[in-house]
Structure formats: structure tokens, C-alpha cells
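Student: Got a structure here, written out as C-alpha cells. Questions coming.
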Amino acid sequence: MKKNKLPLMKCFEEHYTKGRLRVKIRALKYLTKYNEELTTQLLMNKSIKDLKISNITHNVLIYFDEEKLSKENLLELIENIISNYSLPAYRDERSQERSLDIVDRSLYEKDTTEIMKNIVISAAILLYFIWSKVPTPLNFYARLINKRSLVVLSLAMPVIKNGMKSLVINKKPTANTLSASAIIGSILLGKEKSALSIIILEDLAELITAYTLKKTRNAIKDILSTGEEFVWKQLGQNQMKKVPIAEVEEGDIIVVHPGEKISVDGEVIKGEALVDQASITGEFMPVTKEIGSEVFAGTVVKTGTFNIRSVKVGDSTAVSRIIKLVEDASYNKAAIQTYADNFSNKIVGLNFLLASLVFIGTKSFSRALSMLVVDYSCCIKLSTAVAFSAAINKAAENGILVKGSNYIEALSKIDTVIFDKTGTLTEGNPKLVTVEVLDKTMDVQKVIELAGAAEETSNHPLAQAILKDIATNGYEIPEHEQCEITVSRGVTTKVGNSLIIVGNRKIMLENNVILGNEKEITKAMMYRGEAIIYVAKDKNLIGLLGITDPLRENMKKTINRLRFQGVDNIILLTGDLDQQAEIVANRMTLDSYESELMPEDKAKNILRLQSKGESVLMVGDGVNDAPALAYADVGLAIGNKRTDVAIEAADVSIARNDPTLIPATINLSKKTMSTIKENFIISIGVNTLALVLGAAGVLPVVQGSLIHNLSTLVVVGNSLKILGVSMKK
């Protein structure tokens, strides 16, 4: 496992004498091209006489006038200047770390059918050897070239080739090198049956492992598969033809019937149907799709028939992109997995050393051979690989897409969670909740209808809340003239001979509207967290509309569960107004908040927290969250309204509108890391015992191989318990 790294942007005093200070800054490793800029900025302080930056040792040596500039103030100055380069430093560090995340794909690419065939052949030959009882040749040469030995060597050739290739190309032995040595050693001792037993046991462990990894990795495909090999393609007005899905192109018209899975992303151009799209959006209830509606591959038509114009086909569909994310996740390696792989590769040399020492001490080639069949490396590698694969696919079954095991590990260490507001803490669906009528000649309906007249052509979320309320209540928008928009103020239009003004307080003052005692009313509305829209007719204020974006269901429960998971710093970062941010932060009992932020400001806040050594999870759903999602230790996009940009930038994507899946995912990650630690103990404990017994001559070669492979199966079985973790508790 990696040692805890120093915070990237923090300045640490490394050595000090009067007028001379050496400062350690890990970020300097990634800021070579900014050396000249940093030097210029530091030397602008006349108290600094000279300085030398070393990007290799990550430090800067500064000579300064201590009478004019104290050591403490100098450290603060350096930290302030270096903080301006946090974005490129973190970007390069993240890029370098991820470039190392290349997993050995052999575990995932094994053909289980081929392995099974090898086992059957090896077992049949072993039974024949036992039945035939051919005597063992006396000299080594005869043992190596007789028919029985050559048959065994041919079966073991893939292992021998891989073992030797590793020695020649990588200059280091691997688990295959150990197995090859044990097999050849058994043959030289005249124990072809032992060599065959080793081959069978190795293949059996590999079969179960490969099957497990394939099964867990392909679980998401079973859930999201479009399921249709053929589709009905419309050729003419009343003509249809059944064609393979591979022949469908963008722009083709596809007809989908009840019970069929939709095989393309597209737009409904004819008909209406009820569609279950839980696999893509996480929506519990089927939704009605009509002309103009967007549909996704992998969703199921429950009732009705419609025609779809194909927009995205094949690998371009949403479901294909999701499947690819999960498949690629298997190849993004966690730090602990890299550690396990490196450790297991290094420990192979220990087996050869022990075998040599045992042979020198006992002169027993059989005992030395026992040292080779007991192999830590395979077991240790699988202790992480299977556990992470199971965790990724357990998450996928619950609509949570994790892009790699590195993010499972990172989630287990999270101590700071940052939320966006709109669409994350809140539903992102503003609703009209309050109507204050200030003109006795008006009623609620009339005020809303006049407001709707001004807002009818607007796409602003607040305007949409008014229009939605009109549609829900069956109100009618009166005839009106063209609407005129005043940016950041509001909208005006004419209804009959009256001028209708809808917007904020500023537009009212600019049009000399008489406001009266509205401040008393607006104060109460603002306290409730409502956005206020003023509605005026000519020069009179006739009403105030209060619009709010409701908090997402179960969000308070989510915050409480995050606290229980050990998250001690929960922050709100939003581009919304300060007042709105304060109300939400107080309701959710968050630790702090910042408002009116641009996307790059959110990213800078995250980098600032990371520079203090905090592990940050960023939760968002929109385009404006993408930079923050990318720069966080783990970026998480949530909800069926999350944008493609957010999903692309995020490391974890939750398709369902259930925020309790956030602490559930953290819980899953912690259980995964706990399981991996258990696997390490099992791997090292059992194999160490087998080595001791083998060295003492108590454990023959075949039994040693059996114990080693059984420990591998125990580790795989222990990892599979992750598939039983409840995501609801």
C-alpha cells in the first residue's frame, strides 16, 4: 500500500539557518515549466535575495533578509504564490497516477471452455498413468524424454512459456515461473503424476477464478442488454422488414411493439406507448412516450406501439456507453491492487530462495520442490482483483456505475463531501408554492394568469414553474402582445390596454411601480427559502409569487448516513444566490457553504481542500459541475437528469434519484477494503504454514499444491460475499 503522501500544495520547512530556508513543496514535481514564473514572482519581494528551485527533490532554497522578512511570513508568501498553480499541479498528478492504472487483463480474458477442456484431458491422462503403473526411469535424461514426460510437458507448455517469457522479457519470475519450475522438477524426480496433479489443480483454480470474474463483470450486460437481435425496420408507408440490429443506421425508422426492448436511442415520431426505463434512468414507474419523446436502447415497451427515428445506434447508444464504462472499470487499478500485484511479483523470488536454502540444508529435492508449488502471488493478486470486480458489479446492479477499482479504494477514504445545490440537494424542478395577492380586485388565479402571459415564451426555470402551475390547475393564459425581456430583471407584455410587468424588485423600481409594504411579506417568503417574483399591472403591484426548488427526498437521511460513515466535513458549493444557499445549508445542517460560484471556482475550492490533505467526494449533476467532478478525489453524478458531460467527468454515476445510494456506495467500498485485508491475512497465513510444513518434509508436493490452490479458492469465495452486501441498509 502507498505511504500517505504529503499534501500537494502545502509548504513544509525542511531546513533552516539564519537567512536561509529550504522548503519542501510536493507540487514542484509537476511545475517544471513554471519555474521561471515562480522565481520572478518570489523575487518581486525585495527581502528575497536569491533562490533555487529543484523539481527533482521538490524543494526551493531561499536566501532572504531576516530583518525585513520573518521565516513565518516567507512560508506564507511561498504558499500563497504556489497556490495559484494548484490546477495544473493537480491535473498533472492525476494524469500521472491514472497512466499507471493498467491491469493485467489475462484474468479477464481466459476462456473458461478452453480451461475446462485442459482439465478433462489432464485428468484422463492422470487416470491412465495411475492405471498403467509404468516404472520410473532411473536417470534424469530418460525421465525427461520418455513419452509420459513429453505428454505432461506438452500440457504444461502454456505455463512454461509464460514463466520463461517473464524471466527473459521482464527479468523477473512470476507465479507461472514457479509453477513451471515445480512441474519440471516433478518430471525430473520421475513424478509425472505429481506434475499432472499440479497442472490440474492450477487449471481448476484458474477455471473458478476466470468464471467468477467473467460472471461478475458481465452482470451489467445482462441488466442493460438491448436483448433484441432483430428489429422491425420501416421501409415505406405501410411496409416493414425484420432486419439484424447491426444493419440499423442513424435516421432509420424502427417500429417497436409491446414486450420488446428498444434497440436504439431515438425520438418517437408516431404512436404512443408506456415504457419501463428503470435500467437507464432508475425511474420506478413506467413513463408515457409520445411524439417528440426521447427513448433509450435497453428500455422495455410495456404497452402500445410506436415508431422511432434512430438517433444513436450500436456503440453510440447510452446503454453501450454505460456497458463500456463498466467494462473499462475492471482495468482501472486501485493503489492497493497495484501494491498487491507488485508485492506478489516480488515475493516469487522468495519462493526460489527458500527452495534453494531447503535443498542446501536437507539435500532433498522433493522438499525443495514443495517450496515452489506453494505460491503467494496468485492468491494475493486474486485477493484484490475478485473483490473489486464483485464490488463494481454489485454497484452496477443497483444502478451505480463505478469506473474503476481505484475509485472504490478512494471512496473508502473519503472524509469530505461537497454537494452542488440545484438538482443535487434539491430536485432541480422549481414549483410555485406561494401566491400573495396585493390587489383586492384580483384573486390568485388572475394573478397567476397575468404572470403566465408575460412568461409564456420564456425558458427560465422560474417561468416554467409558473407555466406548469397554470397547466396543472387548468388556468388560461390571456391573449397578449409580444413579450419583451430585460436581462437580469424580468419580462413585460400588454394584456388589453394594461402593461404587465413580471420580474424582480429592480424592474419594478425602474418602471415606477408602487410597492407599498411588500417588504414585510417578502421577508417571510425569503425566510422560507422562496425565490420571489413580483407581478405588476401598470403602476400597481398586484401580487408576489414564491417559487421554491424542493429538497430532494431522503437527502436529510443521506446526510445523517454520511456522518455515520465517518464523513466529518459536508459542504455546499453553488452558483445560486447567497440567501438561497444559506437556507439550504441550514436546513441540511451542513458544515459550511459558498455561493454565487462559477464552475472553475468550485474546482479551486476542491483543490484548496485537497491541499490540506482532505479526501474529497464531489456530488453534482450538471455541466457546471463537470470541472469540480473531474478534480475531486472521487466525482459522483446523481439522478436521471444528470448531463452527459457530468457523467463523462464523474468517476461514479448513480442513475437513480435516490441520494441514500451515496452513503451506500461508501459503505460498499469500506466493506470491499475490509474483505481485501481479510484476503491478505488468509493468503499469507495459509501459504506460510504450507511452506513451513513443506520445508519440514511433512507436506508432499501434491498436498502442498492442493493447499495453495484451496487457499486461492477460499480467497475468491470470501471476495464473493461482497455480492451479498445490502445497498438498502
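Letters A, B, ... mark the chains of the C-alpha cells in the order given; residue numbers begin at 1 per chain; ligand numbers begin at 1, in order shown.
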Contacts of A:Val243 at 9 Å or less, counting only C-alpha atoms, minus same-chain residues fewer than 4 places along, as a short mmCIF file (atom, residue, chain, number, x, y, z; two decimals) with N, CA and C atoms, in the first residue's frame?
Tutor:
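File produced: out-v9.cif:
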data_model
loop_
_atom_site.label_atom_id
_atom_site.label_comp_id
_atom_site.auth_asym_id
_atom_site.auth_seq_id
_atom_site.Cartn_x
_atom_site.Cartn_y
_atom_site.Cartn_z
N GLU A 229 -31.94 -9.17 -31.22
CA GLU A 229 -31.00 -9.39 -32.32
C GLU A 229 -31.56 -8.84 -33.63
N PHE A 230 -32.90 -8.82 -33.73
CA PHE A 230 -33.55 -8.32 -34.94
C PHE A 230 -34.56 -7.23 -34.56
N VAL A 231 -34.78 -6.29 -35.46
CA VAL A 231 -35.77 -5.22 -35.23
C VAL A 231 -36.63 -5.07 -36.49
N TRP A 232 -37.79 -4.45 -36.30
CA TRP A 232 -38.67 -4.15 -37.43
C TRP A 232 -38.33 -2.78 -37.98
N LYS A 233 -37.84 -2.75 -39.22
CA LYS A 233 -37.45 -1.50 -39.86
C LYS A 233 -38.52 -1.11 -40.89
N GLU A 247 -27.62 -3.91 -38.87
CA GLU A 247 -27.85 -3.21 -40.14
C GLU A 247 -28.57 -1.87 -39.96
N VAL A 248 -28.98 -1.57 -38.74
CA VAL A 248 -29.71 -0.32 -38.50
C VAL A 248 -28.73 0.85 -38.48
#
Student: When you look at A:Leu545 with a cut-off of 8 Å (counting only C-alpha atoms), what residues show up, excluding the ones that are within fewer than 2 positions of it in the same chain? I need them as a list in words.
Tutor: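 Using only C-alpha atoms, the neighbours found are Leu432, Val433, Thr434, Val435, Glu436, Ile532, Ile533, Tyr534, Val535, Gly543 and Ile547 of chain A.
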Student: Take the residues from that selection and write them out as an mmCIF file, in the first residue's frame, keeping N, CA, C and O atoms.
Tutor:
data_model
loop_
_atom_site.group_PDB
_atom_site.id
_atom_site.type_symbol
_atom_site.label_atom_id
_atom_site.label_comp_id
_atom_site.auth_asym_id
_atom_site.auth_seq_id
_atom_site.Cartn_x
_atom_site.Cartn_y
_atom_site.Cartn_z
ATOM 1 N N LEU A 432 -44.221 26.523 -7.928
ATOM 2 C CA LEU A 432 -44.900 27.692 -7.375
ATOM 3 C C LEU A 432 -45.610 27.261 -6.090
ATOM 4 O O LEU A 432 -46.496 26.403 -6.126
ATOM 5 N N VAL A 433 -45.211 27.829 -4.957
ATOM 6 C CA VAL A 433 -45.761 27.379 -3.673
ATOM 7 C C VAL A 433 -46.549 28.466 -2.931
ATOM 8 O O VAL A 433 -47.380 28.164 -2.087
ATOM 9 N N THR A 434 -46.262 29.732 -3.254
ATOM 10 C CA THR A 434 -46.940 30.827 -2.545
ATOM 11 C C THR A 434 -47.441 31.877 -3.531
ATOM 12 O O THR A 434 -46.714 32.257 -4.452
ATOM 13 N N VAL A 435 -48.669 32.327 -3.341
ATOM 14 C CA VAL A 435 -49.210 33.449 -4.111
ATOM 15 C C VAL A 435 -49.801 34.452 -3.129
ATOM 16 O O VAL A 435 -50.764 34.153 -2.416
ATOM 17 N N GLU A 436 -49.193 35.621 -3.057
ATOM 18 C CA GLU A 436 -49.690 36.702 -2.187
ATOM 19 C C GLU A 436 -50.382 37.737 -3.075
ATOM 20 O O GLU A 436 -49.737 38.380 -3.915
ATOM 21 N N ILE A 532 -38.563 35.060 -5.134
ATOM 22 C CA ILE A 532 -39.747 35.928 -5.219
ATOM 23 C C ILE A 532 -39.863 36.560 -6.596
ATOM 24 O O ILE A 532 -38.894 37.126 -7.123
ATOM 25 N N ILE A 533 -41.050 36.464 -7.183
ATOM 26 C CA ILE A 533 -41.355 37.119 -8.458
ATOM 27 C C ILE A 533 -42.450 38.151 -8.207
ATOM 28 O O ILE A 533 -43.505 37.835 -7.648
ATOM 29 N N TYR A 534 -42.167 39.379 -8.608
ATOM 30 C CA TYR A 534 -43.133 40.468 -8.483
ATOM 31 C C TYR A 534 -44.011 40.492 -9.733
ATOM 32 O O TYR A 534 -43.509 40.306 -10.851
ATOM 33 N N VAL A 535 -45.311 40.724 -9.528
ATOM 34 C CA VAL A 535 -46.252 40.849 -10.649
ATOM 35 C C VAL A 535 -46.972 42.199 -10.523
ATOM 36 O O VAL A 535 -47.596 42.486 -9.488
ATOM 37 N N GLY A 543 -49.326 41.364 -7.034
ATOM 38 C CA GLY A 543 -49.073 40.090 -6.370
ATOM 39 C C GLY A 543 -47.608 39.721 -6.288
ATOM 40 O O GLY A 543 -46.758 40.281 -6.991
ATOM 41 N N ILE A 547 -41.507 30.940 -5.359
ATOM 42 C CA ILE A 547 -41.143 29.693 -6.051
ATOM 43 C C ILE A 547 -39.972 29.045 -5.317
ATOM 44 O O ILE A 547 -39.009 29.718 -4.945
#
Student: Report as a list in words all protein, DNA and RNA residues lying within 8 Å of stretch 58-60 of chain A, evaluated on only C-alpha atoms, omitting residues in the same chain fewer than 4 positions from it.
Tutor: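 Returned residues: Arg22, Val23, Lys24, Ile25, Arg26, Ala27, Leu28, Lys29, Leu51, Lys52, Ile53 and Ser54 of chain A.
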Student: Those same residues, written as a compact mmCIF listing (two decimals), in the first residue's frame with all heavy atoms?
Tutor:
# COMPACT_ATOMS: atom_id res chain seq x y z
N ARG A 22 15.13 26.18 3.41
CA ARG A 22 14.80 25.19 2.38
C ARG A 22 13.37 24.69 2.65
O ARG A 22 13.07 24.22 3.75
CB ARG A 22 15.78 24.02 2.39
CG ARG A 22 15.55 23.04 1.21
CD ARG A 22 16.51 21.85 1.29
NE ARG A 22 17.89 22.27 1.15
CZ ARG A 22 18.50 22.47 -0.01
NH1 ARG A 22 17.83 22.31 -1.14
NH2 ARG A 22 19.77 22.84 -0.04
N VAL A 23 12.51 24.80 1.61
CA VAL A 23 11.09 24.45 1.76
C VAL A 23 10.73 23.30 0.83
O VAL A 23 11.07 23.31 -0.36
CB VAL A 23 10.19 25.67 1.43
CG1 VAL A 23 8.71 25.31 1.62
CG2 VAL A 23 10.56 26.86 2.30
N LYS A 24 10.03 22.31 1.40
CA LYS A 24 9.57 21.15 0.63
C LYS A 24 8.14 21.42 0.14
O LYS A 24 7.24 21.72 0.92
CB LYS A 24 9.56 19.91 1.52
CG LYS A 24 9.16 18.62 0.81
CD LYS A 24 10.37 17.95 0.23
CE LYS A 24 10.06 16.54 -0.25
NZ LYS A 24 11.24 15.88 -0.81
N ILE A 25 7.94 21.33 -1.20
CA ILE A 25 6.60 21.51 -1.80
C ILE A 25 6.44 20.42 -2.85
O ILE A 25 7.05 20.47 -3.91
CB ILE A 25 6.43 22.89 -2.45
CG1 ILE A 25 6.96 24.00 -1.55
CG2 ILE A 25 4.97 23.14 -2.81
CD1 ILE A 25 7.11 25.32 -2.25
N ARG A 26 5.59 19.45 -2.58
CA ARG A 26 5.45 18.31 -3.49
C ARG A 26 4.98 18.73 -4.88
O ARG A 26 5.28 18.08 -5.89
CB ARG A 26 4.52 17.26 -2.89
CG ARG A 26 4.68 15.88 -3.49
CD ARG A 26 4.03 14.82 -2.62
NE ARG A 26 2.62 15.03 -2.45
CZ ARG A 26 1.69 14.67 -3.33
NH1 ARG A 26 2.05 14.09 -4.47
NH2 ARG A 26 0.41 14.87 -3.10
N ALA A 27 4.24 19.82 -4.95
CA ALA A 27 3.70 20.29 -6.23
C ALA A 27 4.80 20.65 -7.22
O ALA A 27 4.58 20.63 -8.45
CB ALA A 27 2.81 21.51 -6.00
N LEU A 28 6.00 20.99 -6.73
CA LEU A 28 7.09 21.38 -7.62
C LEU A 28 7.45 20.27 -8.61
O LEU A 28 7.98 20.54 -9.69
CB LEU A 28 8.33 21.77 -6.81
CG LEU A 28 8.23 23.10 -6.03
CD1 LEU A 28 9.46 23.30 -5.18
CD2 LEU A 28 8.03 24.27 -6.99
N LYS A 29 7.14 19.04 -8.25
CA LYS A 29 7.39 17.91 -9.14
C LYS A 29 6.68 18.08 -10.47
O LYS A 29 7.17 17.64 -11.51
CB LYS A 29 6.93 16.62 -8.45
CG LYS A 29 7.07 15.37 -9.29
CD LYS A 29 6.55 14.16 -8.53
CE LYS A 29 6.65 12.89 -9.37
NZ LYS A 29 6.12 11.71 -8.64
N LEU A 51 17.20 32.51 -4.94
CA LEU A 51 16.50 31.24 -4.70
C LEU A 51 16.86 30.23 -5.77
O LEU A 51 17.24 30.60 -6.89
CB LEU A 51 14.98 31.46 -4.63
CG LEU A 51 14.28 31.97 -5.90
CD1 LEU A 51 13.79 30.80 -6.75
CD2 LEU A 51 13.08 32.83 -5.52
N LYS A 52 16.73 28.96 -5.42
CA LYS A 52 16.97 27.86 -6.36
C LYS A 52 15.84 26.85 -6.21
O LYS A 52 15.56 26.39 -5.11
CB LYS A 52 18.32 27.19 -6.07
CG LYS A 52 19.52 28.07 -6.34
CD LYS A 52 20.81 27.34 -5.99
CE LYS A 52 22.02 28.25 -6.20
NZ LYS A 52 23.28 27.56 -5.78
N ILE A 53 15.22 26.51 -7.35
CA ILE A 53 14.12 25.53 -7.35
C ILE A 53 14.64 24.20 -7.86
O ILE A 53 15.29 24.14 -8.91
CB ILE A 53 12.95 26.02 -8.23
CG1 ILE A 53 12.33 27.29 -7.63
CG2 ILE A 53 11.89 24.93 -8.36
CD1 ILE A 53 11.26 27.92 -8.51
N SER A 54 14.34 23.12 -7.12
CA SER A 54 14.69 21.77 -7.58
C SER A 54 13.40 20.98 -7.74
O SER A 54 12.73 20.64 -6.76
CB SER A 54 15.60 21.08 -6.56
OG SER A 54 15.77 19.73 -6.93
Student: Find, counting only C-alpha atoms, the residue in A:Thr522, A:Thr299, A:Thr712, A:Asn511 that gets nearest to A:Leu544.
Tutor: A:Thr522
Student: Which parts of stretch 397-603 of chain A does DSSP call strand (DSSP E or B) when run on the backbone here, written out as a PDB file with C-alpha atoms, in the first residue's frame?
Tutor:
ATOM      1  CA  ILE A 400     -24.358   2.732  -9.641  1.00  0.00           C
ATOM      2  CA  LEU A 401     -21.616   2.844 -12.268  1.00  0.00           C
ATOM      3  CA  VAL A 402     -18.088   2.894 -10.830  1.00  0.00           C
ATOM      4  CA  THR A 416     -15.115  15.488   2.957  1.00  0.00           C
ATOM      5  CA  VAL A 417     -18.253  15.561   0.797  1.00  0.00           C
ATOM      6  CA  ILE A 418     -19.187  18.561  -1.360  1.00  0.00           C
ATOM      7  CA  PHE A 419     -22.701  18.976  -2.771  1.00  0.00           C
ATOM      8  CA  THR A 426     -32.731  19.899  -4.462  1.00  0.00           C
ATOM      9  CA  LYS A 431     -42.543  24.793  -8.028  1.00  0.00           C
ATOM     10  CA  LEU A 432     -44.900  27.692  -7.375  1.00  0.00           C
ATOM     11  CA  VAL A 433     -45.761  27.379  -3.673  1.00  0.00           C
ATOM     12  CA  THR A 434     -46.940  30.827  -2.545  1.00  0.00           C
ATOM     13  CA  VAL A 435     -49.210  33.449  -4.111  1.00  0.00           C
ATOM     14  CA  GLU A 436     -49.690  36.702  -2.187  1.00  0.00           C
ATOM     15  CA  VAL A 437     -52.473  38.829  -3.724  1.00  0.00           C
ATOM     16  CA  GLU A 484     -40.053  41.944 -24.044  1.00  0.00           C
ATOM     17  CA  ILE A 485     -37.234  40.576 -21.913  1.00  0.00           C
ATOM     18  CA  THR A 486     -34.980  42.782 -19.787  1.00  0.00           C
ATOM     19  CA  GLY A 490     -37.798  40.406 -15.913  1.00  0.00           C
ATOM     20  CA  VAL A 491     -40.405  40.471 -18.679  1.00  0.00           C
ATOM     21  CA  THR A 492     -43.100  42.906 -19.838  1.00  0.00           C
ATOM     22  CA  THR A 493     -46.105  42.457 -22.119  1.00  0.00           C
ATOM     23  CA  LYS A 494     -49.500  44.036 -22.793  1.00  0.00           C
ATOM     24  CA  VAL A 495     -52.792  42.353 -21.951  1.00  0.00           C
ATOM     25  CA  SER A 498     -52.701  47.129 -19.426  1.00  0.00           C
ATOM     26  CA  LEU A 499     -48.914  46.769 -19.107  1.00  0.00           C
ATOM     27  CA  ILE A 500     -47.990  43.586 -17.229  1.00  0.00           C
ATOM     28  CA  ILE A 501     -44.565  43.561 -15.588  1.00  0.00           C
ATOM     29  CA  VAL A 502     -43.147  40.341 -14.104  1.00  0.00           C
ATOM     30  CA  GLY A 503     -39.690  40.039 -12.552  1.00  0.00           C
ATOM     31  CA  ILE A 514     -45.866  51.424  -6.319  1.00  0.00           C
ATOM     32  CA  ALA A 531     -37.434  32.909  -4.872  1.00  0.00           C
ATOM     33  CA  ILE A 532     -39.747  35.928  -5.219  1.00  0.00           C
ATOM     34  CA  ILE A 533     -41.355  37.119  -8.458  1.00  0.00           C
ATOM     35  CA  TYR A 534     -43.133  40.468  -8.483  1.00  0.00           C
ATOM     36  CA  VAL A 535     -46.252  40.849 -10.649  1.00  0.00           C
ATOM     37  CA  ALA A 536     -47.443  44.376 -11.530  1.00  0.00           C
ATOM     38  CA  LYS A 537     -50.301  45.751 -13.625  1.00  0.00           C
ATOM     39  CA  ASN A 540     -49.618  48.815  -9.221  1.00  0.00           C
ATOM     40  CA  LEU A 541     -48.063  45.765  -7.590  1.00  0.00           C
ATOM     41  CA  ILE A 542     -50.830  43.158  -7.714  1.00  0.00           C
ATOM     42  CA  GLY A 543     -49.073  40.090  -6.370  1.00  0.00           C
ATOM     43  CA  LEU A 544     -45.971  38.244  -5.204  1.00  0.00           C
ATOM     44  CA  LEU A 545     -45.178  34.706  -6.316  1.00  0.00           C
ATOM     45  CA  GLY A 546     -42.975  32.448  -4.176  1.00  0.00           C
ATOM     46  CA  ILE A 547     -41.143  29.693  -6.051  1.00  0.00           C
ATOM     47  CA  THR A 548     -39.012  27.049  -4.422  1.00  0.00           C
ATOM     48  CA  LEU A 551     -35.166  19.453  -1.325  1.00  0.00           C
ATOM     49  CA  ASN A 569     -16.990  17.803   6.670  1.00  0.00           C
ATOM     50  CA  ILE A 570     -20.046  18.305   4.413  1.00  0.00           C
ATOM     51  CA  ILE A 571     -20.034  21.463   2.275  1.00  0.00           C
ATOM     52  CA  LEU A 572     -22.383  23.174  -0.181  1.00  0.00           C
ATOM     53  CA  LEU A 573     -20.835  24.853  -3.241  1.00  0.00           C
ATOM     54  CA  SER A 592     -20.273  25.375   5.525  1.00  0.00           C
ATOM     55  CA  TYR A 593     -21.313  26.781   2.163  1.00  0.00           C
ATOM     56  CA  GLU A 594     -20.151  29.098  -0.594  1.00  0.00           C
TER      57      GLU A 594
END
Student: Could you give me the residues within stretch 460-615 of chain A that DSSP places in alpha helix (DSSP H), as an MDAnalysis selection string?
Tutor: chainID A and resid 461:473 505:510 518:527 555:564 578:587 599:611
